[in-house]
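A.B. asks: What follows is data-v9.txt, made up of compact mmCIF, C-alpha atoms and all ligand atoms:
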```txt
# COMPACT_ATOMS: atom_id res chain seq x y z
CA MET E 242 88.77 180.71 160.09
CA PHE E 243 90.08 181.97 156.72
CA ASP E 244 92.03 185.13 156.07
CA SER E 245 90.92 185.06 152.47
CA ASN E 246 88.10 183.49 150.51
CA ILE E 247 89.98 183.28 147.20
CA ALA E 248 93.71 183.90 146.67
CA ILE E 249 94.76 184.57 143.08
CA ILE E 250 98.47 183.97 142.48
CA GLY E 251 99.84 186.24 139.74
CA ALA E 252 98.93 189.74 138.56
CA GLY E 253 99.46 189.28 134.85
CA ILE E 254 96.56 189.89 132.49
CA VAL E 255 94.95 186.57 133.45
CA GLY E 256 95.09 187.05 137.24
CA LEU E 257 93.86 190.65 136.89
CA ALA E 258 90.95 189.67 134.63
CA ILE E 259 89.94 186.93 137.08
CA ALA E 260 90.17 189.32 140.05
CA ALA E 261 87.98 191.91 138.32
CA LYS E 262 85.40 189.31 137.28
CA LEU E 263 85.18 187.37 140.55
CA SER E 264 84.97 190.53 142.65
CA ASP E 265 81.49 191.06 141.13
CA LYS E 266 80.35 188.00 143.07
CA PHE E 267 82.82 187.20 145.86
CA ASP E 268 84.38 189.22 148.66
CA ASN E 269 87.63 188.74 150.53
CA LEU E 270 89.74 188.26 147.41
CA PHE E 271 93.54 188.59 147.48
CA VAL E 272 95.92 188.91 144.54
CA ILE E 273 99.50 187.91 145.36
CA GLU E 274 102.24 189.07 142.99
CA ARG E 275 105.99 188.67 143.41
CA ASN E 276 106.87 191.79 141.39
CA LYS E 277 106.40 195.36 142.63
CA THR E 278 103.43 195.91 140.34
CA PHE E 279 101.19 194.11 137.84
CA GLY E 280 102.13 192.86 134.36
CA GLN E 281 105.93 192.75 134.58
CA GLU E 282 106.34 189.39 132.82
CA THR E 283 104.72 187.78 129.76
CA SER E 284 101.75 190.16 129.79
CA SER E 285 104.03 193.08 128.92
CA ARG E 286 106.28 191.15 126.53
CA ASN E 287 104.05 190.15 123.64
CA SER E 288 102.67 191.39 120.30
CA GLU E 289 99.57 193.04 121.90
CA VAL E 290 97.44 191.59 119.13
CA ILE E 291 93.73 191.03 119.59
CA HIS E 292 93.54 187.74 117.72
CA ALA E 293 90.47 186.76 115.70
CA GLY E 294 90.62 183.04 116.64
CA ILE E 295 91.69 181.65 113.27
CA TYR E 296 94.45 179.20 114.07
CA TYR E 297 93.36 177.02 116.95
CA PRO E 298 91.98 173.45 116.79
CA LYS E 299 88.19 173.17 116.63
CA ASN E 300 86.48 172.92 120.04
CA SER E 301 89.71 173.76 121.89
CA LEU E 302 89.65 176.22 124.77
CA LYS E 303 92.07 178.36 122.77
CA ALA E 304 89.54 178.64 119.92
CA LYS E 305 86.48 179.15 122.11
CA LEU E 306 88.02 181.59 124.60
CA CYS E 307 89.81 183.59 121.91
CA VAL E 308 86.63 184.18 119.90
CA GLU E 309 84.63 185.04 123.03
CA GLY E 310 87.50 187.04 124.54
CA LYS E 311 87.95 189.17 121.42
CA LYS E 312 84.37 190.39 121.62
CA LEU E 313 84.56 191.00 125.37
CA LEU E 314 87.84 192.88 124.88
CA TYR E 315 86.53 195.27 122.22
CA ASP E 316 83.44 195.96 124.38
CA PHE E 317 85.65 196.55 127.44
CA CYS E 318 87.94 198.93 125.50
CA MET E 319 84.95 200.97 124.35
CA LYS E 320 83.40 201.08 127.83
CA TYR E 321 86.60 202.15 129.63
CA ASN E 322 88.42 204.04 126.86
CA VAL E 323 91.30 201.58 126.73
CA PRO E 324 93.30 202.47 123.57
CA TYR E 325 93.05 199.93 120.75
CA ASN E 326 93.23 199.87 116.97
CA ASN E 327 91.00 197.48 115.04
CA CYS E 328 93.47 197.64 112.13
CA GLY E 329 92.82 194.19 110.62
CA LYS E 330 95.36 191.67 109.49
CA LEU E 331 96.58 189.96 106.33
CA ILE E 332 97.91 186.40 106.24
CA VAL E 333 99.96 186.36 103.07
CA ALA E 334 100.84 183.43 100.80
CA THR E 335 104.07 183.69 98.83
CA SER E 336 103.84 180.36 96.94
CA THR E 337 101.20 178.13 95.37
CA THR E 338 101.55 175.64 98.24
CA GLU E 339 100.87 178.42 100.72
CA MET E 340 97.79 179.47 98.73
CA ARG E 341 96.43 175.95 99.36
CA LEU E 342 97.28 176.26 103.06
CA LEU E 343 95.29 179.50 103.19
CA GLU E 344 92.22 177.56 102.04
CA GLU E 345 92.65 175.19 104.99
CA LEU E 346 93.17 178.10 107.35
CA LYS E 347 89.99 179.78 106.16
CA GLN E 348 88.05 176.58 106.81
CA LYS E 349 89.63 176.29 110.27
CA ALA E 350 88.58 179.86 111.02
CA PHE E 351 84.99 179.15 109.93
CA ASN E 352 84.93 176.03 112.15
CA ASN E 353 85.90 178.27 115.08
CA GLY E 354 83.08 180.72 114.35
CA VAL E 355 85.31 183.33 112.69
CA ASP E 356 83.10 184.08 109.71
CA ASP E 357 84.32 187.52 108.67
CA ILE E 358 87.55 186.59 106.92
CA CYS E 359 87.89 186.69 103.14
CA PHE E 360 90.34 185.92 100.36
CA LEU E 361 92.08 188.73 98.52
CA ASN E 362 94.03 188.23 95.31
CA ASP E 363 97.40 189.89 94.79
CA SER E 364 96.00 193.13 93.34
CA GLU E 365 93.31 193.42 96.04
CA THR E 366 96.04 192.93 98.66
CA LYS E 367 98.16 195.63 97.00
CA LYS E 368 95.27 198.10 97.38
CA LEU E 369 95.38 197.57 101.16
CA GLU E 370 99.16 197.23 101.49
CA PRO E 371 100.97 198.60 98.43
CA ASN E 372 104.40 197.66 99.81
CA VAL E 373 103.63 194.00 100.59
CA ASP E 374 104.33 191.27 98.00
CA CYS E 375 102.27 188.07 97.86
CA LYS E 376 100.25 185.78 95.61
CA GLY E 377 97.13 186.28 97.70
CA ALA E 378 96.03 186.74 101.29
CA LEU E 379 93.38 186.09 103.89
CA PHE E 380 92.06 189.31 105.36
CA SER E 381 90.83 189.27 108.96
CA PRO E 382 88.95 192.51 109.69
CA SER E 383 88.32 191.77 113.38
CA THR E 384 92.01 191.49 114.34
CA GLY E 385 93.52 194.49 116.10
CA VAL E 386 96.11 195.74 118.57
CA ILE E 387 95.63 196.97 122.12
CA ASP E 388 97.53 198.98 124.72
CA SER E 389 97.97 196.08 127.14
CA HIS E 390 99.34 198.24 129.97
CA SER E 391 96.19 200.43 129.97
CA LEU E 392 94.04 197.30 129.86
CA MET E 393 95.79 195.83 132.90
CA LYS E 394 95.67 199.16 134.78
CA GLN E 395 91.90 199.36 134.19
CA LEU E 396 91.40 195.79 135.42
CA GLU E 397 93.46 196.54 138.54
CA THR E 398 91.41 199.72 139.17
CA ASN E 399 88.11 197.87 138.72
CA SER E 400 89.29 195.15 141.10
CA ILE E 401 90.41 197.61 143.79
CA ASN E 402 87.11 199.50 143.48
CA GLN E 403 85.33 196.22 144.16
CA GLY E 404 87.39 195.49 147.28
CA VAL E 405 90.15 193.20 145.98
CA GLN E 406 93.37 193.46 148.03
CA PHE E 407 96.66 193.40 146.12
CA SER E 408 99.83 192.20 147.77
CA TYR E 409 102.77 193.20 145.55
CA GLY E 410 106.38 192.15 146.20
CA ALA E 411 105.17 188.91 147.79
CA GLU E 412 106.28 185.57 146.36
CA VAL E 413 104.36 182.39 147.09
CA VAL E 414 107.01 179.88 148.20
CA ALA E 415 104.90 177.05 149.64
CA ILE E 416 101.28 175.92 149.81
CA GLU E 417 99.95 173.37 152.29
CA LYS E 418 96.60 171.70 151.96
CA ASN E 419 94.71 171.62 155.28
CA LYS E 420 91.31 170.32 156.31
CA ASN E 421 89.15 173.00 154.71
CA GLY E 422 91.44 174.86 152.38
CA TYR E 423 95.04 175.92 152.02
CA GLU E 424 97.79 177.69 153.94
CA VAL E 425 99.95 179.90 151.73
CA LEU E 426 103.51 180.81 152.73
CA LEU E 427 104.92 184.04 151.26
CA LYS E 428 108.29 185.75 151.20
CA ASP E 429 108.35 189.52 150.82
CA SER E 430 111.05 191.54 149.05
CA ASP E 431 112.95 192.00 152.34
CA GLY E 432 113.07 188.22 152.78
CA ARG E 433 110.47 188.13 155.58
CA ASP E 434 108.13 185.15 155.74
CA PHE E 435 104.43 185.32 156.45
CA SER E 436 101.45 183.10 155.80
CA PHE E 437 97.67 183.17 155.47
CA LYS E 438 94.79 180.73 155.14
CA THR E 439 92.51 180.67 152.13
CA LYS E 440 89.51 178.63 151.14
CA MET E 441 90.38 178.64 147.43
CA ILE E 442 93.45 179.22 145.27
CA ILE E 443 93.58 180.33 141.64
CA ASN E 444 96.97 179.65 140.13
CA ALA E 445 97.57 182.28 137.40
CA ALA E 446 101.34 182.30 137.88
CA GLY E 447 102.27 182.19 134.18
CA LEU E 448 105.81 180.87 133.71
CA GLU E 449 105.81 179.49 137.28
CA SER E 450 102.33 177.98 137.20
CA ASP E 451 103.62 174.38 137.02
CA LYS E 452 105.79 174.99 140.11
CA VAL E 453 102.93 176.64 142.01
CA SER E 454 100.69 173.70 141.13
CA GLY E 455 103.34 171.33 142.50
CA MET E 456 103.58 173.19 145.84
CA PRO E 457 100.61 171.49 147.57
CA GLY E 458 101.52 168.20 145.84
CA ILE E 459 99.65 168.20 142.52
CA LYS E 460 101.82 166.05 140.30
CA ASP E 461 101.39 165.90 136.54
CA GLU E 462 104.36 165.49 134.17
CA LEU E 463 102.17 166.62 131.28
CA LEU E 464 101.90 170.07 132.86
CA LYS E 465 105.62 170.78 133.06
CA ILE E 466 106.46 174.08 131.43
CA THR E 467 109.31 174.54 128.94
CA PHE E 468 110.34 178.14 128.32
CA CYS E 469 110.19 179.17 124.67
CA LYS E 470 111.51 182.59 123.84
CA GLY E 471 110.06 184.90 121.19
CA ASN E 472 112.44 187.65 120.00
CA TYR E 473 111.43 190.90 118.28
CA PHE E 474 113.32 193.28 116.00
CA LYS E 475 112.19 196.86 115.43
CA VAL E 476 111.90 198.17 111.86
CA ASN E 477 113.75 201.48 111.86
CA PRO E 478 112.09 204.65 110.53
CA PRO E 479 111.24 205.64 107.85
CA LYS E 480 110.40 202.08 106.71
CA ASN E 481 108.04 201.59 109.66
CA LYS E 482 105.63 203.81 107.67
CA LEU E 483 105.46 201.32 104.78
CA VAL E 484 102.98 198.93 106.45
CA ASN E 485 99.61 199.92 107.91
CA ARG E 486 98.25 196.77 109.41
CA LEU E 487 99.36 193.40 110.79
CA VAL E 488 100.92 191.14 108.17
CA TYR E 489 101.52 187.45 108.93
CA PRO E 490 103.02 184.60 106.95
CA VAL E 491 101.23 181.26 106.67
CA PRO E 492 101.89 179.51 110.02
CA ASN E 493 103.98 176.44 110.63
CA PRO E 494 101.62 173.43 111.03
CA ASN E 495 102.69 172.44 114.59
CA MET E 496 101.91 175.99 115.77
CA GLU E 497 105.02 176.45 117.93
CA GLY E 498 104.53 180.05 116.91
CA ILE E 499 102.48 181.69 114.19
CA GLY E 500 105.41 182.90 112.13
CA ILE E 501 107.58 186.01 112.23
CA HIS E 502 105.04 188.70 111.50
CA VAL E 503 104.72 192.44 111.23
CA THR E 504 103.20 193.99 114.33
CA ILE E 505 102.22 197.59 114.56
CA ASP E 506 101.90 199.16 117.98
CA MET E 507 99.67 201.91 119.29
CA GLY E 508 102.50 204.46 118.96
CA GLY E 509 103.08 203.84 115.22
CA GLY E 510 106.11 201.60 115.75
CA VAL E 511 106.54 198.49 113.62
CA LYS E 512 108.32 195.37 114.75
CA LEU E 513 108.99 191.89 113.38
CA GLY E 514 108.60 188.84 115.54
CA PRO E 515 108.30 186.72 117.50
CA ASP E 516 110.49 183.83 116.38
CA VAL E 517 110.54 180.48 118.21
CA GLU E 518 113.63 179.87 120.40
CA TRP E 519 113.25 176.87 122.71
CA MET E 520 115.35 177.45 125.81
CA SER E 521 117.58 174.68 127.12
CA GLU E 522 116.86 175.79 130.69
CA ASN E 523 113.92 177.64 132.21
CA VAL E 524 115.76 180.91 132.85
CA TYR E 525 114.51 184.49 132.60
CA ASP E 526 116.78 185.56 129.76
CA TYR E 527 115.14 188.37 127.78
CA SER E 528 118.25 189.34 125.81
CA VAL E 529 117.98 189.56 122.02
CA ASN E 530 121.03 188.52 120.09
CA LYS E 531 121.72 191.01 117.28
CA SER E 532 123.11 188.24 115.05
CA GLN E 533 119.60 186.78 114.76
CA ASN E 534 118.63 189.70 112.50
CA ASN E 535 119.58 187.62 109.45
CA ALA E 536 116.93 184.97 110.19
CA PHE E 537 114.32 187.72 110.64
CA TYR E 538 115.39 189.40 107.43
CA GLU E 539 115.27 186.14 105.42
CA SER E 540 111.86 185.28 106.79
CA ALA E 541 110.23 188.69 106.24
CA LYS E 542 111.81 189.80 102.97
CA LYS E 543 109.63 187.23 101.15
CA PHE E 544 106.67 189.53 101.67
CA LEU E 545 108.38 192.83 102.56
CA PRO E 546 110.58 193.45 99.50
CA PHE E 547 111.62 196.92 100.72
CA LEU E 548 113.35 195.47 103.78
CA GLU E 549 117.13 195.59 104.16
CA ILE E 550 119.02 193.85 106.90
CA ASP E 551 120.23 197.11 108.47
CA ASP E 552 116.62 198.23 108.98
CA LEU E 553 116.31 195.74 111.83
CA VAL E 554 117.41 196.44 115.41
CA PRO E 555 116.89 194.17 118.45
CA GLU E 556 113.85 195.31 120.44
CA MET E 557 112.66 192.91 123.12
CA ALA E 558 111.77 189.30 123.91
CA GLY E 559 108.97 187.47 125.70
CA ILE E 560 108.84 183.90 126.99
CA ARG E 561 106.03 181.45 126.21
CA PRO E 562 105.00 179.08 129.04
CA LYS E 563 104.77 175.98 126.80
CA VAL E 564 103.37 172.66 127.97
CA GLN E 565 104.00 171.43 124.41
CA LYS E 566 107.57 170.15 123.97
CA PRO E 567 109.78 170.96 120.94
CA GLY E 568 108.45 169.18 117.85
CA GLU E 569 105.22 168.03 119.56
CA ALA E 570 101.73 168.90 118.40
CA VAL E 571 100.10 172.05 119.75
CA ARG E 572 98.51 171.75 123.24
CA ASP E 573 95.48 173.51 124.64
CA PHE E 574 95.21 175.86 127.63
CA TYR E 575 94.95 173.81 130.85
CA ILE E 576 92.24 175.32 133.06
CA GLN E 577 90.96 172.93 135.73
CA GLU E 578 89.49 172.83 139.21
CA GLU E 579 91.56 170.05 140.81
CA SER E 580 89.02 168.18 142.97
CA ASP E 581 89.60 165.06 140.86
CA LYS E 582 93.27 165.08 141.88
CA GLY E 583 92.30 165.55 145.54
CA PHE E 584 92.70 169.34 145.71
CA PRO E 585 89.22 170.89 145.93
CA GLY E 586 89.11 174.63 145.53
CA PHE E 587 92.45 174.74 143.69
CA ILE E 588 92.10 176.07 140.14
CA ASN E 589 95.08 175.71 137.84
CA LEU E 590 95.74 177.79 134.73
CA ILE E 591 98.82 176.34 133.02
CA GLY E 592 100.23 176.85 129.53
CA ILE E 593 98.42 180.14 128.98
CA GLU E 594 100.42 181.18 125.95
CA SER E 595 99.01 183.05 122.94
CA PRO E 596 96.10 183.89 122.58
CA GLY E 597 96.07 184.42 126.37
CA LEU E 598 95.91 188.21 126.18
CA THR E 599 92.97 188.16 123.77
CA SER E 600 91.23 185.44 125.77
CA ALA E 601 91.78 186.90 129.27
CA LEU E 602 88.25 188.24 129.86
CA ALA E 603 86.69 185.01 128.60
CA ILE E 604 89.13 182.95 130.70
CA ALA E 605 87.92 184.92 133.73
CA GLU E 606 84.29 184.02 132.94
CA TYR E 607 85.26 180.38 132.44
CA VAL E 608 87.06 180.28 135.80
CA GLY E 609 83.98 181.85 137.44
CA GLU E 610 81.94 178.89 136.17
CA LEU E 611 84.40 176.40 137.71
CA ILE E 612 83.76 177.75 141.21
CA LYS E 613 81.21 175.55 142.89
C1 LIG E 701 106.32 186.44 122.48
C2 LIG E 701 104.86 186.39 122.86
C3 LIG E 701 103.90 187.00 122.06
C4 LIG E 701 102.56 186.95 122.40
N1 LIG E 701 101.64 187.63 121.65
C5 LIG E 701 100.34 187.60 122.00
C6 LIG E 701 99.38 188.33 121.25
O1 LIG E 701 99.72 189.08 120.34
N2 LIG E 701 98.07 188.21 121.57
C7 LIG E 701 97.66 187.41 122.59
O2 LIG E 701 96.45 187.28 122.79
N3 LIG E 701 98.56 186.75 123.37
C8 LIG E 701 99.88 186.86 123.10
N4 LIG E 701 100.80 186.20 123.87
C9 LIG E 701 100.33 185.46 125.04
C10 LIG E 701 100.07 186.36 126.23
O3 LIG E 701 101.08 187.32 126.38
C11 LIG E 701 99.98 185.48 127.49
O4 LIG E 701 99.06 184.44 127.24
C12 LIG E 701 99.51 186.25 128.71
O5 LIG E 701 100.27 187.42 128.88
C13 LIG E 701 99.62 185.35 129.93
O6 LIG E 701 99.25 186.10 131.04
P1 LIG E 701 99.39 185.50 132.49
O7 LIG E 701 98.72 186.45 133.41
O8 LIG E 701 98.94 184.08 132.48
O9 LIG E 701 100.96 185.41 132.75
P2 LIG E 701 102.02 186.50 133.23
O10 LIG E 701 101.86 187.79 132.57
O11 LIG E 701 103.35 185.83 133.15
O12 LIG E 701 101.65 186.71 134.77
C14 LIG E 701 101.93 185.76 135.75
C15 LIG E 701 102.30 186.49 137.00
O13 LIG E 701 102.49 185.56 138.06
C16 LIG E 701 103.53 186.05 138.91
N5 LIG E 701 104.08 184.95 139.66
C17 LIG E 701 104.70 183.84 139.20
N6 LIG E 701 105.07 183.04 140.22
C18 LIG E 701 104.68 183.64 141.36
C19 LIG E 701 104.79 183.30 142.73
N7 LIG E 701 105.38 182.16 143.14
N8 LIG E 701 104.29 184.16 143.66
C20 LIG E 701 103.70 185.33 143.27
N9 LIG E 701 103.58 185.70 141.97
C21 LIG E 701 104.05 184.86 141.02
C22 LIG E 701 104.53 186.63 137.90
O14 LIG E 701 105.38 187.55 138.52
C23 LIG E 701 103.62 187.25 136.86
O15 LIG E 701 103.38 188.62 137.09
C24 LIG E 701 102.15 186.25 123.57
C25 LIG E 701 103.12 185.66 124.39
C26 LIG E 701 104.47 185.74 124.05
C27 LIG E 701 105.51 185.14 124.95
```
Kindly present the structure from the file in structure tokens form.
C.D. replies:
Amino acid sequence: MFDSNIAIIGAGIVGLAIAAKLSDKFDNLFVIERNKTFGQETSSRNSEVIHAGIYYPKNSLKAKLCVEGKKLLYDFCMKYNVPYNNCGKLIVATSTTEMRLLEELKQKAFNNGVDDICFLNDSETKKLEPNVDCKGALFSPSTGVIDSHSLMKQLETNSINQGVQFSYGAEVVAIEKNKNGYEVLLKDSDGRDFSFKTKMIINAAGLESDKVSGMPGIKDELLKITFCKGNYFKVNPPKNKLVNRLVYPVPNPNMEGIGIHVTIDMGGGVKLGPDVEWMSENVYDYSVNKSQNNAFYESAKKFLPFLEIDDLVPEMAGIRPKVQKPGEAVRDFYIQEESDKGFPGFINLIGIESPGLTSALAIAEYVGELIK
């Protein structure tokens, strides 16, 4: 006898999107979250950009789910009045070499089905962003920003309305495989233990997803997560008014990050970030060191000539759950039902870094298809 049909571990954007989607079809769904409410970790510490799907390798899950997820996300925002701004984005080249790289990027985007991007020369770019300097740019009209908290709240509401039970302040500390499913051991915020039986588990535990996968005994060195911090600096007023849309540099080829960029938020704030800071240990350190402002300044002044170092103040940081190691080539999202490893009914989502927010609704559909 099972207490739950499907237990989803983690109430970040991915767990919430899966709960809302699966509750259309399945009943007796639990979401288990160690924090007091949803979205307290990576899902509330990011750029909140709805990505177009430009950067990712052809036929990767990142490319496919980002392009599908973007469309689903705009439709969802319109249906439920979730605030968003389809502001568009410029990827700017500041040298002749970077102009060549933009050509490659445009081709990559086309290969991924992103067919709305176009080249702008320097004067066309100036018409859109008079305060940005570059030799030329790619313009992506379908990129935007979203209020991620409102999005998550709406997904939680939809899930609750469809009967999903949320258990907040409950940390999964052990999982045992039994004859027909799994027994999940939890610790609540007062340190009390309790357990329940479930037929299926969906591991959407973000930064802890490798550990959760290891709990019943799934072993895979390739799925070990390394924390990789992304710091942000705010651009102080009045200079935050000098940019109207997202402005990105040409990305670094191994895609550890996509370059320190200008992000605008729904409240009119402008920030620079995220950088790429590999952490020597997997610790939850969200502090931003003020002395890093010089690196941000040096990186952004190439295309933001109005910027002065004192315009930048530390804002926040997020942590990427990387399965890629420092210096290695980019890796794809890992989304698998683990029957082949001897764990039927256990679905792992590991390494869900950017574009995980954009892709969340498409990830949920993909997970739905993995359930036999
Ligand atoms: C700096 C940065 C910038 C980014 N920018 C963008 C962007 O602009 N656009 C975009 O599309 N994506 C972006 N991303 C990626 C995006 O934020 C993530 O892909 C997404 O938030 C991942 O969501 P998640 O639900 O998988 O993880 P999380 O939000 O981390 O949720 C996982 C949840 O699992 C819970 N949990 C963990 N272990 C346990 C346990 N044992 N028991 C119970 N609960 C547990 C955690 O408390 C957490 O709430 C960015 C990421 C970073 C770090």
A.B. asks: Excluding E:Ile259 and any residue of its chain fewer than 3 positions from it, enumerate the residues within 10 Å of it, using all atoms listed in the file, and give them as a ChimeraX atom specification.
C.D. replies: /E:249,252,254-256,262-264,272,396,400,443,445,601-609
A.B. asks: Using all atoms listed in the file, find each protein or nucleic acid residue lying at most 7 Å from ligand LIG 701 (chain E); present the set as an mmCIF file with C-alpha atoms, keeping the file's coordinate frame.
C.D. replies:
```cif
data_model
loop_
_atom_site.group_PDB
_atom_site.id
_atom_site.type_symbol
_atom_site.label_atom_id
_atom_site.label_comp_id
_atom_site.auth_asym_id
_atom_site.auth_seq_id
_atom_site.Cartn_x
_atom_site.Cartn_y
_atom_site.Cartn_z
ATOM 1 C CA ILE E 250 98.470 183.970 142.480
ATOM 2 C CA GLY E 251 99.840 186.240 139.740
ATOM 3 C CA ALA E 252 98.930 189.740 138.560
ATOM 4 C CA GLY E 253 99.460 189.280 134.850
ATOM 5 C CA ILE E 254 96.560 189.890 132.490
ATOM 6 C CA VAL E 255 94.950 186.570 133.450
ATOM 7 C CA GLY E 256 95.090 187.050 137.240
ATOM 8 C CA ILE E 273 99.500 187.910 145.360
ATOM 9 C CA GLU E 274 102.240 189.070 142.990
ATOM 10 C CA ARG E 275 105.990 188.670 143.410
ATOM 11 C CA ASN E 276 106.870 191.790 141.390
ATOM 12 C CA PHE E 279 101.190 194.110 137.840
ATOM 13 C CA GLY E 280 102.130 192.860 134.360
ATOM 14 C CA GLN E 281 105.930 192.750 134.580
ATOM 15 C CA GLU E 282 106.340 189.390 132.820
ATOM 16 C CA THR E 283 104.720 187.780 129.760
ATOM 17 C CA SER E 284 101.750 190.160 129.790
ATOM 18 C CA SER E 285 104.030 193.080 128.920
ATOM 19 C CA ARG E 286 106.280 191.150 126.530
ATOM 20 C CA ASN E 287 104.050 190.150 123.640
ATOM 21 C CA SER E 288 102.670 191.390 120.300
ATOM 22 C CA GLU E 289 99.570 193.040 121.900
ATOM 23 C CA VAL E 290 97.440 191.590 119.130
ATOM 24 C CA ILE E 291 93.730 191.030 119.590
ATOM 25 C CA HIS E 292 93.540 187.740 117.720
ATOM 26 C CA ALA E 411 105.170 188.910 147.790
ATOM 27 C CA GLU E 412 106.280 185.570 146.360
ATOM 28 C CA VAL E 413 104.360 182.390 147.090
ATOM 29 C CA VAL E 414 107.010 179.880 148.200
ATOM 30 C CA ALA E 445 97.570 182.280 137.400
ATOM 31 C CA ALA E 446 101.340 182.300 137.880
ATOM 32 C CA GLY E 447 102.270 182.190 134.180
ATOM 33 C CA LEU E 448 105.810 180.870 133.710
ATOM 34 C CA GLU E 449 105.810 179.490 137.280
ATOM 35 C CA SER E 450 102.330 177.980 137.200
ATOM 36 C CA VAL E 453 102.930 176.640 142.010
ATOM 37 C CA LYS E 470 111.510 182.590 123.840
ATOM 38 C CA GLY E 471 110.060 184.900 121.190
ATOM 39 C CA ASN E 472 112.440 187.650 120.000
ATOM 40 C CA PRO E 515 108.300 186.720 117.500
ATOM 41 C CA ALA E 558 111.770 189.300 123.910
ATOM 42 C CA GLY E 559 108.970 187.470 125.700
ATOM 43 C CA ILE E 560 108.840 183.900 126.990
ATOM 44 C CA ARG E 561 106.030 181.450 126.210
ATOM 45 C CA ILE E 593 98.420 180.140 128.980
ATOM 46 C CA GLU E 594 100.420 181.180 125.950
ATOM 47 C CA SER E 595 99.010 183.050 122.940
ATOM 48 C CA PRO E 596 96.100 183.890 122.580
ATOM 49 C CA GLY E 597 96.070 184.420 126.370
ATOM 50 C CA LEU E 598 95.910 188.210 126.180
ATOM 51 C CA THR E 599 92.970 188.160 123.770
ATOM 52 C CA SER E 600 91.230 185.440 125.770
#
```
A.B. asks: Would you compute the distance between atom CA of E:Gly385 and atom CA of E:Leu314? Give it in Å to one decimal.
C.D. replies: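 For atom CA of E:Gly385 relative to atom CA of E:Leu314, the distance reads 10.6 Å.
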A.B. asks: Could you tell me how far atom CA of E:Asp451 sits from atom CA of E:Glu569, in Å to one decimal place?
C.D. replies: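 Calculated distance between atom CA of E:Glu569 and atom CA of E:Asp451 is 18.6 Å.
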A.B. asks: Box for stretch 343-349 of chain E - axis-aligned, 6 Å on each of the six sides, all listed atoms - centre and size in Å to one decimal, as JSON.
C.D. replies:
```
{"center_x": 91.7, "center_y": 177.5, "center_z": 106.2, "size_x": 19.2, "size_y": 16.6, "size_z": 20.2}
```
A.B. asks: Please rebuild stretch 324-335 of chain E with N, CA and C atoms and return the result as a short mmCIF file (atom, residue, chain, number, x, y, z; two decimals), keeping the file's coordinate frame.
C.D. replies:
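So the final result, stored in selection-v3.cif, reads:
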```cif
data_model
loop_
_atom_site.label_atom_id
_atom_site.label_comp_id
_atom_site.auth_asym_id
_atom_site.auth_seq_id
_atom_site.Cartn_x
_atom_site.Cartn_y
_atom_site.Cartn_z
N PRO E 324 92.91 202.29 124.97
CA PRO E 324 93.30 202.47 123.57
C PRO E 324 93.47 201.15 122.81
N TYR E 325 92.88 201.10 121.62
CA TYR E 325 93.05 199.93 120.75
C TYR E 325 92.93 200.40 119.31
N ASN E 326 93.33 199.55 118.39
CA ASN E 326 93.23 199.87 116.97
C ASN E 326 92.79 198.61 116.24
N ASN E 327 91.55 198.63 115.78
CA ASN E 327 91.00 197.48 115.04
C ASN E 327 91.50 197.57 113.58
N CYS E 328 92.82 197.37 113.42
CA CYS E 328 93.47 197.64 112.13
C CYS E 328 93.29 196.53 111.10
N GLY E 329 92.92 195.32 111.54
CA GLY E 329 92.82 194.19 110.62
C GLY E 329 94.17 193.56 110.34
N LYS E 330 94.10 192.37 109.76
CA LYS E 330 95.36 191.67 109.49
C LYS E 330 95.30 190.88 108.18
N LEU E 331 96.45 190.77 107.55
CA LEU E 331 96.58 189.96 106.33
C LEU E 331 97.46 188.75 106.64
N ILE E 332 97.03 187.57 106.20
CA ILE E 332 97.91 186.40 106.24
C ILE E 332 98.29 186.14 104.79
N VAL E 333 99.57 186.32 104.48
CA VAL E 333 99.96 186.36 103.07
C VAL E 333 100.61 185.05 102.61
N ALA E 334 100.24 184.63 101.40
CA ALA E 334 100.84 183.43 100.80
C ALA E 334 101.85 183.89 99.74
N THR E 335 103.05 183.28 99.80
CA THR E 335 104.07 183.69 98.83
C THR E 335 104.39 182.57 97.84
#
```
